[in-house]
Structures are given as C-alpha cells and as structure tokens.
file work.cif (mmCIF, C-alpha atoms)
data_final
loop_
_atom_site.label_atom_id
_atom_site.label_comp_id
_atom_site.auth_asym_id
_atom_site.auth_seq_id
_atom_site.Cartn_x
_atom_site.Cartn_y
_atom_site.Cartn_z
CA MET A 1377 -9.71 16.49 4.00
CA ASN A 1378 -7.86 19.49 2.60
CA LYS A 1379 -4.45 20.14 4.03
CA SER A 1380 -1.44 22.21 3.12
CA PRO A 1381 2.18 22.12 4.26
CA ASP A 1382 1.72 25.65 5.59
CA SER A 1383 -0.76 24.45 8.21
CA PRO A 1384 -0.28 25.96 11.69
CA SER A 1385 2.93 24.69 13.25
CA SER A 1386 6.25 26.20 14.14
CA SER A 1387 7.90 24.68 11.09
CA GLY A 1388 4.99 24.91 8.69
CA ILE A 1389 5.22 21.17 8.01
CA LEU A 1390 2.30 18.82 8.51
CA GLN A 1391 2.30 16.96 11.80
CA PRO A 1392 2.54 13.11 11.94
CA GLU A 1393 -1.15 12.71 12.69
CA ASP A 1394 -1.98 14.73 9.58
CA TRP A 1395 0.06 12.49 7.27
CA ALA A 1396 -1.73 9.42 8.65
CA ASP A 1397 -5.06 10.60 7.26
CA PRO A 1398 -6.15 8.19 4.47
CA LEU A 1399 -7.32 11.08 2.26
CA LEU A 1400 -4.97 14.00 1.61
CA ASP A 1401 -5.40 17.04 -0.61
CA LEU A 1402 -2.07 18.87 -0.50
CA SER A 1403 -0.82 21.97 -2.28
CA VAL A 1404 2.40 23.97 -2.05
CA HIS A 1405 1.69 27.59 -1.18
CA GLN A 1406 4.98 28.80 0.30
CA SER A 1407 6.92 31.62 -1.26
CA GLY A 1408 10.33 31.61 -2.89
CA GLU A 1409 12.76 28.72 -2.47
CA ARG A 1410 10.71 27.22 0.36
CA ARG A 1411 8.19 25.98 -2.20
CA ILE A 1412 10.51 23.23 -3.44
CA GLU A 1413 11.52 22.31 0.12
CA TYR A 1414 7.91 21.74 1.10
CA TRP A 1415 7.14 19.95 -2.16
CA ARG A 1416 9.94 17.48 -1.42
CA GLU A 1417 8.44 16.98 2.06
CA ILE A 1418 5.15 15.93 0.49
CA ILE A 1419 6.80 13.51 -1.95
CA LEU A 1420 9.04 12.05 0.78
CA ARG A 1421 6.13 11.44 3.16
CA LEU A 1422 3.79 9.91 0.63
CA PHE A 1423 6.07 8.15 -1.85
CA ALA A 1424 9.84 7.85 -1.39
CA ASP A 1425 12.93 9.65 -0.16
CA VAL A 1426 14.15 11.48 -3.26
CA GLN A 1427 16.02 14.60 -4.30
CA ILE A 1428 14.05 17.18 -6.27
CA SER A 1429 15.60 19.78 -8.54
CA ALA A 1430 13.54 22.63 -9.92
CA ILE A 1431 13.97 26.26 -10.81
CA PRO A 1432 12.79 28.21 -7.70
CA ARG A 1433 10.36 30.35 -9.67
CA HIS A 1434 7.63 32.38 -7.99
CA ASP A 1435 5.01 30.40 -9.89
CA PHE A 1436 6.33 26.93 -8.98
CA PHE A 1437 3.43 24.77 -7.85
CA GLY A 1438 2.75 21.23 -6.72
CA LYS A 1439 -0.49 19.49 -5.84
CA VAL A 1440 -1.34 15.95 -4.67
CA LEU A 1441 -4.78 14.43 -4.19
CA SER A 1442 -4.17 11.04 -2.61
CA GLN A 1443 -6.18 8.23 -1.02
CA ARG A 1444 -4.74 5.33 0.96
CA PHE A 1445 -6.72 2.11 1.19
CA SER A 1446 -5.50 -1.19 2.62
CA ASP A 1447 -1.75 -1.06 1.82
CA LEU A 1448 -2.33 0.60 -1.56
CA ARG A 1449 -2.36 4.27 -2.52
CA LEU A 1450 -3.84 6.08 -5.51
CA SER A 1451 -2.79 9.66 -6.25
CA VAL A 1452 -3.22 12.37 -8.83
CA ILE A 1453 -0.16 14.63 -8.92
CA SER A 1454 0.19 17.97 -10.72
CA ALA A 1455 3.31 20.15 -10.64
CA SER A 1456 5.78 22.36 -12.45
CA GLU A 1457 8.82 21.24 -14.42
CA GLN A 1458 11.34 19.37 -12.25
CA SER A 1459 13.75 16.46 -11.87
CA VAL A 1460 13.40 13.72 -9.26
CA ASP A 1461 16.25 11.39 -8.28
CA ARG A 1462 16.34 8.41 -5.94
CA ARG A 1463 19.84 7.44 -4.73
CA PHE A 1464 19.12 4.85 -2.06
CA ARG A 1465 19.28 1.21 -3.06
CA GLU A 1466 17.00 -0.31 -0.44
CA ALA A 1467 13.61 0.54 1.02
CA ARG A 1468 14.09 2.55 4.20
CA SER A 1469 10.62 1.62 5.49
CA ASP A 1470 7.57 -0.39 4.42
CA TYR A 1471 5.95 2.57 2.71
CA GLU A 1472 8.85 2.73 0.23
CA ASP A 1473 8.71 -0.99 -0.65
CA ARG A 1474 6.59 -0.22 -3.70
CA TYR A 1475 6.15 -0.29 -7.41
CA PHE A 1476 4.62 2.86 -8.88
CA ALA A 1477 2.41 2.48 -11.93
CA VAL A 1478 2.21 5.84 -13.73
CA LEU A 1479 -0.40 7.12 -16.18
CA MET A 1480 0.40 10.48 -17.77
CA LEU A 1481 -2.55 12.88 -18.03
CA GLN A 1482 -0.64 16.03 -19.08
CA GLY A 1483 2.91 16.94 -20.05
CA LYS A 1484 5.90 14.67 -20.59
CA GLN A 1485 8.01 12.47 -18.32
CA ILE A 1486 11.20 10.47 -18.83
CA ILE A 1487 11.75 7.54 -16.44
CA GLU A 1488 15.20 5.96 -16.13
CA GLN A 1489 15.97 2.89 -14.01
CA SER A 1490 18.21 -0.17 -14.20
CA GLY A 1491 19.57 0.76 -17.61
CA SER A 1492 16.13 1.23 -19.18
CA HIS A 1493 14.18 4.38 -19.95
CA ALA A 1494 10.63 5.22 -20.96
CA ILE A 1495 9.35 8.45 -22.48
CA LEU A 1496 5.78 9.06 -21.41
CA GLU A 1497 3.37 11.52 -22.96
CA VAL A 1498 -0.38 11.91 -22.48
CA GLY A 1499 -2.03 8.48 -22.19
CA ASP A 1500 1.25 6.55 -21.80
CA MET A 1501 2.04 4.23 -18.88
CA ALA A 1502 5.04 2.63 -17.20
CA ILE A 1503 6.12 1.32 -13.79
CA TYR A 1504 9.21 1.86 -11.67
CA ASP A 1505 10.56 0.46 -8.43
CA ALA A 1506 10.62 2.97 -5.57
CA THR A 1507 13.22 0.95 -3.65
CA ARG A 1508 15.96 1.24 -6.26
CA PRO A 1509 17.75 4.25 -7.73
CA HIS A 1510 15.73 5.97 -10.42
CA SER A 1511 15.50 9.26 -12.25
CA LEU A 1512 12.35 11.11 -13.34
CA ARG A 1513 12.40 14.15 -15.63
CA PHE A 1514 9.24 16.24 -16.10
CA GLU A 1515 9.02 18.79 -18.90
CA GLY A 1516 6.72 21.77 -18.41
CA GLN A 1517 3.55 21.53 -16.34
CA TRP A 1518 2.43 17.95 -15.90
CA GLN A 1519 -0.18 15.76 -14.30
CA GLU A 1520 -0.23 12.00 -13.69
CA VAL A 1521 -2.04 9.21 -11.87
CA VAL A 1522 0.24 7.15 -9.62
CA PHE A 1523 -0.90 3.74 -8.39
CA SER A 1524 1.32 2.63 -5.50
CA ILE A 1525 1.46 -1.18 -5.10
CA SER A 1526 3.50 -3.14 -2.57
CA ARG A 1527 6.31 -5.05 -4.27
CA PRO A 1528 5.32 -8.47 -2.83
CA ILE A 1529 1.87 -8.20 -4.45
CA LEU A 1530 3.18 -7.57 -7.96
CA ASN A 1531 6.13 -9.93 -7.52
CA ASN A 1532 3.63 -12.65 -6.65
CA LEU A 1533 1.78 -12.08 -9.90
CA LEU A 1534 4.76 -11.91 -12.21
CA VAL A 1535 8.05 -13.67 -12.65
CA ASN A 1536 10.87 -11.09 -12.74
CA ALA A 1537 8.56 -8.11 -12.32
CA GLU A 1538 11.62 -5.98 -11.59
CA ASP A 1539 12.73 -6.46 -15.22
CA ARG A 1540 9.66 -4.55 -16.47
CA VAL A 1541 10.59 -1.20 -14.89
CA ALA A 1542 11.06 1.94 -17.00
CA THR A 1543 9.50 0.28 -20.06
CA SER A 1544 6.53 1.84 -21.84
CA LEU A 1545 3.43 -0.34 -21.57
CA ALA A 1546 1.31 -1.23 -24.58
CA VAL A 1547 -1.86 0.76 -23.91
CA SER A 1548 -3.11 1.48 -27.43
CA GLN A 1549 -5.24 -1.67 -27.47
CA GLY A 1550 -6.14 -4.82 -25.56
CA VAL A 1551 -5.82 -5.13 -21.78
CA GLY A 1552 -3.43 -2.18 -21.58
CA ASN A 1553 -6.01 0.11 -23.15
CA VAL A 1554 -8.64 -1.03 -20.66
CA LEU A 1555 -6.13 -0.56 -17.81
CA SER A 1556 -5.26 3.04 -18.76
CA SER A 1557 -8.95 4.00 -18.99
CA TYR A 1558 -9.68 2.22 -15.71
CA LEU A 1559 -6.86 3.95 -13.79
CA GLY A 1560 -7.90 7.31 -15.20
CA ALA A 1561 -11.45 6.70 -13.97
CA LEU A 1562 -10.21 5.60 -10.54
CA GLY A 1563 -8.13 8.76 -10.27
CA ARG A 1564 -11.25 10.85 -10.82
CA GLN A 1565 -12.97 9.05 -7.95
CA ILE A 1566 -10.36 9.78 -5.26
CA GLY A 1567 -12.22 10.98 -2.20
CA GLN A 1568 -15.59 9.93 -3.63
CA LEU A 1569 -15.34 6.23 -2.68
CA SER A 1570 -14.80 4.52 0.65
CA ALA A 1571 -11.57 2.67 1.45
CA ASP A 1572 -13.35 -0.69 1.08
CA GLU A 1573 -14.79 0.31 -2.29
CA MET A 1574 -11.39 1.48 -3.52
CA THR A 1575 -9.76 -1.75 -2.32
CA ARG A 1576 -12.27 -3.86 -4.24
CA LEU A 1577 -11.88 -1.73 -7.36
CA ALA A 1578 -8.08 -1.85 -7.12
CA ASP A 1579 -7.90 -5.63 -7.45
CA PRO A 1580 -8.95 -5.66 -11.14
CA ALA A 1581 -6.43 -2.88 -11.78
CA ILE A 1582 -3.64 -4.98 -10.26
CA SER A 1583 -4.62 -8.01 -12.34
CA MET A 1584 -4.80 -5.92 -15.54
CA LEU A 1585 -1.43 -4.36 -14.73
CA ALA A 1586 0.10 -7.82 -14.30
CA MET A 1587 -1.32 -8.97 -17.63
CA THR A 1588 -0.17 -5.82 -19.41
CA LEU A 1589 3.32 -6.11 -17.95
CA GLY A 1590 3.47 -9.78 -18.86
CA GLY A 1591 2.77 -8.85 -22.46
CA ILE A 1592 6.13 -7.08 -22.71
CA ASN A 1593 7.98 -10.39 -22.72
CA GLY A 1594 5.05 -12.46 -23.92
CA SER A 1595 4.77 -14.07 -20.47
CA ILE A 1596 1.43 -13.07 -19.03
CA GLY A 1597 1.06 -13.98 -15.37
CA ASP A 1598 -0.63 -17.38 -15.11
CA SER A 1599 -3.71 -18.13 -13.05
CA PRO A 1600 -1.82 -19.56 -10.03
CA HIS A 1601 -0.03 -16.20 -9.67
CA LEU A 1602 -3.31 -14.32 -9.96
CA ARG A 1603 -4.88 -16.57 -7.34
CA SER A 1604 -1.91 -15.95 -5.08
CA GLY A 1605 -2.36 -12.20 -5.43
CA THR A 1606 -6.05 -12.48 -4.59
CA LEU A 1607 -5.23 -14.58 -1.52
CA LEU A 1608 -2.76 -11.92 -0.38
CA ARG A 1609 -5.49 -9.28 -0.67
CA VAL A 1610 -7.89 -11.38 1.41
CA LYS A 1611 -5.21 -11.93 4.04
CA ARG A 1612 -4.50 -8.19 4.19
CA TYR A 1613 -8.15 -7.51 4.86
CA VAL A 1614 -8.34 -10.22 7.55
CA ASN A 1615 -5.22 -8.98 9.33
CA THR A 1616 -6.50 -5.41 9.51
CA HIS A 1617 -9.91 -6.49 10.87
CA LEU A 1618 -8.96 -9.16 13.39
CA HIS A 1619 -10.19 -6.94 16.22
CA ASP A 1620 -13.74 -6.95 14.85
CA PRO A 1621 -15.80 -9.65 16.63
CA ASP A 1622 -18.19 -9.68 13.65
CA LEU A 1623 -15.44 -10.73 11.23
CA ASP A 1624 -16.71 -13.85 9.51
CA ALA A 1625 -16.72 -15.50 6.08
CA ALA A 1626 -19.69 -13.43 4.86
CA MET A 1627 -18.09 -10.13 5.90
CA ILE A 1628 -14.75 -11.04 4.30
CA ALA A 1629 -16.41 -12.25 1.10
CA SER A 1630 -18.45 -9.05 0.81
CA ALA A 1631 -15.42 -6.81 1.37
CA SER A 1632 -13.33 -8.80 -1.11
CA GLY A 1633 -15.99 -9.01 -3.81
CA LEU A 1634 -15.55 -12.80 -3.84
CA SER A 1635 -17.64 -15.76 -2.75
CA ALA A 1636 -16.83 -17.48 0.55
CA ARG A 1637 -16.57 -20.75 -1.38
CA TYR A 1638 -13.92 -19.35 -3.71
CA ILE A 1639 -11.95 -17.85 -0.80
CA ASN A 1640 -11.93 -21.23 0.94
CA LYS A 1641 -10.59 -22.79 -2.25
CA LEU A 1642 -7.71 -20.32 -2.13
CA PHE A 1643 -6.92 -21.23 1.48
CA ALA A 1644 -7.31 -24.96 0.74
CA ALA A 1645 -4.21 -24.70 -1.44
CA GLU A 1646 -2.32 -23.87 1.78
CA GLY A 1647 -3.92 -26.74 3.69
CA THR A 1648 -6.25 -24.60 5.78
CA SER A 1649 -9.56 -22.74 5.62
CA LEU A 1650 -10.57 -19.09 5.91
CA ILE A 1651 -12.06 -19.40 9.39
CA ARG A 1652 -9.10 -21.41 10.68
CA TYR A 1653 -6.74 -18.74 9.29
CA VAL A 1654 -8.72 -16.06 11.15
CA LEU A 1655 -8.63 -18.10 14.37
CA LEU A 1656 -4.89 -18.75 14.22
CA LYS A 1657 -4.07 -15.12 13.48
CA ARG A 1658 -6.20 -13.96 16.40
CA LEU A 1659 -4.51 -16.47 18.71
CA ASP A 1660 -1.08 -15.29 17.52
CA ARG A 1661 -2.01 -11.66 18.27
CA CYS A 1662 -3.26 -12.65 21.74
CA ALA A 1663 -0.06 -14.58 22.44
CA HIS A 1664 2.03 -11.60 21.40
CA SER A 1665 0.00 -9.26 23.63
CA LEU A 1666 0.21 -11.60 26.61
CA SER A 1667 3.98 -12.02 26.18
CA GLY A 1668 4.60 -8.31 25.82
CA THR A 1669 7.66 -7.02 23.97
CA GLY A 1670 11.24 -6.97 25.13
CA GLY A 1671 10.36 -9.04 28.21
CA ALA A 1672 7.62 -6.67 29.35
CA ARG A 1673 4.16 -7.98 30.25
CA THR A 1674 0.91 -6.27 29.36
CA VAL A 1675 -1.14 -4.91 32.27
CA ASP A 1676 -4.40 -5.85 30.55
CA SER A 1677 -6.33 -8.82 31.83
CA ILE A 1678 -6.43 -11.99 29.76
CA ALA A 1679 -10.10 -11.33 29.04
CA ASP A 1680 -9.28 -7.80 27.83
CA VAL A 1681 -6.67 -9.18 25.43
CA ALA A 1682 -9.05 -11.83 24.11
CA LEU A 1683 -11.82 -9.28 23.58
CA ARG A 1684 -9.42 -6.89 21.86
CA TRP A 1685 -8.67 -9.53 19.22
CA GLY A 1686 -12.23 -10.52 18.47
CA PHE A 1687 -12.93 -13.33 20.96
CA ASN A 1688 -16.19 -13.01 22.87
CA ASP A 1689 -16.32 -16.53 24.37
CA MET A 1690 -13.62 -16.96 27.01
CA SER A 1691 -14.06 -20.73 27.29
CA HIS A 1692 -13.62 -21.14 23.53
CA PHE A 1693 -10.62 -18.80 23.62
CA SER A 1694 -8.90 -20.75 26.42
CA ARG A 1695 -9.43 -24.12 24.73
CA ALA A 1696 -8.24 -22.86 21.34
CA PHE A 1697 -5.21 -21.14 22.90
CA LYS A 1698 -4.10 -24.28 24.74
CA LYS A 1699 -4.58 -26.42 21.63
CA ARG A 1700 -2.38 -24.08 19.59
CA PHE A 1701 0.36 -23.31 22.14
CA GLY A 1702 0.24 -26.25 24.53
CA VAL A 1703 -0.34 -24.08 27.59
CA THR A 1704 -3.21 -22.00 28.97
CA PRO A 1705 -3.23 -18.22 28.44
CA ARG A 1706 -2.38 -17.76 32.13
CA GLU A 1707 0.60 -20.12 31.87
CA TRP A 1708 1.74 -18.41 28.68
CA ARG A 1709 1.66 -15.02 30.37
CA LYS A 1710 3.59 -16.35 33.35
CA GLU A 1711 6.27 -18.09 31.31
CA GLY A 1712 6.30 -15.74 28.33
CA VAL A 1713 7.87 -18.27 25.95
CA PRO A 1714 6.38 -20.20 23.02
CA LYS A 1715 5.64 -23.88 23.68
CA ARG A 1716 4.34 -25.40 20.47
#
call {"tool": "encode", "arguments": {"input": "work.cif", "output": "structure tokens"}}
result
Amino acid sequence: MNKSPDSPSSSGILQPEDWADPLLDLSVHQSGERRIEYWREIILRLFADVQISAIPRHDFFGKVLSQRFSDLRLSVISASEQSVDRRFREARSDYEDRYFAVLMLQGKQIIEQSGSHAILEVGDMAIYDATRPHSLRFEGQWQEVVFSISRPILNNLLVNAEDRVATSLAVSQGVGNVLSSYLGALGRQIGQLSADEMTRLADPAISMLAMTLGGINGSIGDSPHLRSGTLLRVKRYVNTHLHDPDLDAAMIASASGLSARYINKLFAAEGTSLIRYVLLKRLDRCAHSLSGTGGARTVDSIADVALRWGFNDMSHFSRAFKKRFGVTPREWRKEGVPKR
C-alpha cells in the first residue's frame, strides 16, 4: 500500500487506521519547513519519539518502505542529511521497547549511546536501544535497512545485550557476513512476502544477530538462549491466532518452520505441552472476556465468548473451564473473581 503524509485530511497527517497497515510505503512531499515536521511524524509513528534536526532545504526528502510482521518490523529508509536525538529514558509504549539492528546501504551514520559510538559506512552494521537516549548523525544522502526487534527477544538470547549497543559488528567474514547479506536480501523483499513468510525468515536473522553480537565479547549466545528465543516466537504466533478454531500443532509447526515434536520439546522444558499451552491461553482469554474490565460484564453469551476464542465444543469448554478455575463459566461470570 502506498501512502504519504499529505493524504487527504485536515492536518495532512496519516490517520490512525492508516498507520496500522502492516505494509507502508511513505514519502515526504510537503514543501518548505513542513517537510521535516512530517518526516518526524513518520519516524515517531513507526520507530521512536525523537527530535530531528535538518536544514529545511527545498530538496529535503525522506522515504520509508516498511513491513510489520508478528511483533517485528523490517524497513528500508532513505533520506537527506540530518541528526536524530532520543531524550527519553524509558519506552513510552510497547512499540518503542525495541532494539534496532542497522545495515548501511548508502552514506554514513554515526551512532552514539551509553558512552559508545559506531561509525557506519556502506555494508557496516550496529544495533542501538530505542528505549534509551541515543544520537544518530547522517552525512549526506543515506539509505539503510532497519530490523526492529523487541527487547525481550534479544535479551533472552544474550546476556547483557544492552552492552552491545553502538558497537560496530564484525561483518567482513563469518556469521556477521552472512547476516549482512541476509538482511540486505530481506530488505529487498519487503512487500513481496506474506507476514507469515517474513516471520519465518526473520527467525534465522535474529539467531545470526545474537551470534554476531556475542562475538564482540567472545560470548556467543548458548543453545538454551536460542531455544528460549524460538519458544517465544512460537508463543507469539499462538497468542495472535487463539481465535482460529483450526489452530493445532500442525498449523503452528508449519507457520514456525519447525516440527511439532521439536516444539513440544521446547514446551516440555516448562512442564507443559503445546496443545495444553493453547488450551490454557484460550481459557484465560475466555475468563477475561466473561469477567469484563473494570467491573463491567460482557453482553455476549457464554457460547459467543467460547466460539470467539476457538472453542467449538461447548461441553468440552465447560469442563475445561471448571477444571482450570474451579467454577463453571456461568458462575465465573456471576461472581467475576478468580477462584483457582
């Protein structure tokens, strides 16, 4: 979908429903000083709340081609010379709770964060933490691939991942060289692959990034961390598809690019199984819906709630609900309090 911040609206700024689109192709077309204002709007909405300084030249430009999949985002950004500064010290929402892995395709960038700095030219890579103050300096026209990864994912793969920020990655050989080529290829496929395909292709990139980052201190993430990251990815998929009554081990395995047997081994480490995890999450969603929020009760019938969260056998749902919460769905709705 092609969009621009000068789409029809009284302010010229994209509407909330536009920003929610998983595929965005955005360019700055405004005139004069408004160009930088709208460029900052794009960066704020898609990445983080930052301040942008640039000479308000008539030929200032900015362009983002971006695809969101699962809770990841891959973008190719091109723009004029500018400075970007983050002053906040905490994430102001979930979308900011990210690490950004950067691959330079054109131009030069200087990243500064937590007392470290990295100078990136064509082919170079580094990461920085969007939640903490940072400074980015771009010289001349530039283009880069940005891989946005939630902090819990990378923190699960590495010990002290935050210590690797603003440090140039070794990409001339080994895993880092494979990673840079892989991210460049992924960037060229934005909009050409489905969200599920991008999610499956992103997992190797995350693992390679963890290994490359680990090489900085000679402490490559060990296999338990990698398994934990894979389990997180499977759980993300499950939690975004709980409403699908066809969600089963085969569907999850296919979407994850893993075998059902291997996925069950991952869940066995937590003392459960894949199907039991799906069942418990569905029951938790039903309980939340039946309780309402802030003391309010949903007007939907119990059957409607069960169907909404993937149950198509009411007898099975009632038995499973009572076994988990100690009361029937009707009693739960009436009392509205957990009884485990």
call {"tool": "closest_residue", "arguments": {"input": "work.cif", "among": "A:Gln1568, A:Ser1429, A:Gln1443, A:Ser1492", "to": "Leu1402 of chain A", "atoms": "all atoms listed in the file"}}
result
A:Gln1443
call {"tool": "atom_distance", "arguments": {"input": "work.cif", "atom1": "atom CA of Leu1512 of chain A", "atom2": "atom CA of Leu1479 of chain A"}}
result
13.7 Å
call {"tool": "atom_distance", "arguments": {"input": "work.cif", "atom1": "atom CA of Asp1676 of chain A", "atom2": "atom CA of Leu1623 of chain A"}}
result
22.8 Å
call {"tool": "atom_distance", "arguments": {"input": "work.cif", "atom1": "atom CA of Ala1494 of chain A", "atom2": "atom CA of Glu1457 of chain A"}}
result
17.4 Å
call {"tool": "closest_residue", "arguments": {"input": "work.cif", "among": "A:Thr1606, A:Thr1575, A:Gln1489, A:Asn1688", "to": "Ala1502 of chain A", "atoms": "all atoms listed in the file"}}
result
A:Gln1489
call {"tool": "resolve_selection", "arguments": {"input": "work.cif", "expression": "the PyMOL selection byres ((chain A and resi 1452) around 10)", "output": "JSON, numbers by chain"}}
result
{"A": [1401, 1439, 1440, 1441, 1442, 1443, 1450, 1451, 1453, 1454, 1478, 1479, 1480, 1481, 1519, 1520, 1521, 1522, 1523, 1560, 1562, 1563, 1564, 1566]}
call {"tool": "resolve_selection", "arguments": {"input": "work.cif", "expression": "the PyMOL selection byres ((chain A and resi 1418-1427) around 7)", "output": "PyMOL selection string"}}
result
chain A and resi 1414-1417+1428-1429+1460-1462+1472+1506
call {"tool": "resolve_selection", "arguments": {"input": "work.cif", "expression": "the PyMOL selection byres ((chain A and resi 1649-1666) around 6)", "output": "PyMOL selection string"}}
result
chain A and resi 1640+1643-1644+1648+1667-1668+1685+1709
call {"tool": "closest_atom_pairs", "arguments": {"input": "work.cif", "of": "segment 1554-1592 of chain A", "to": "segment 1534-1540 of chain A", "cutoff": "10 Å", "atoms": "all atoms listed in the file", "output": "tab-separated table"}}
result
residue	atom	partner	partner_atom	distance
A:Ala1586	CA	A:Leu1534	CA	6.5
A:Met1587	CA	A:Leu1534	CA	8.7
A:Leu1589	CA	A:Arg1540	CA	6.7
A:Gly1590	CA	A:Leu1534	CA	7.1
A:Ile1592	CA	A:Arg1540	CA	7.6
call {"tool": "closest_residue", "arguments": {"input": "work.cif", "among": "A:Glu1515, A:Asp1680, A:Asp1397, A:Glu1711", "to": "Gln1458 of chain A", "atoms": "all atoms listed in the file"}}
result
A:Glu1515
call {"tool": "closest_residue", "arguments": {"input": "work.cif", "among": "A:Leu1642, A:Met1627, A:Leu1618, A:Leu1569", "to": "Gly1686 of chain A", "atoms": "all atoms listed in the file"}}
result
A:Leu1618
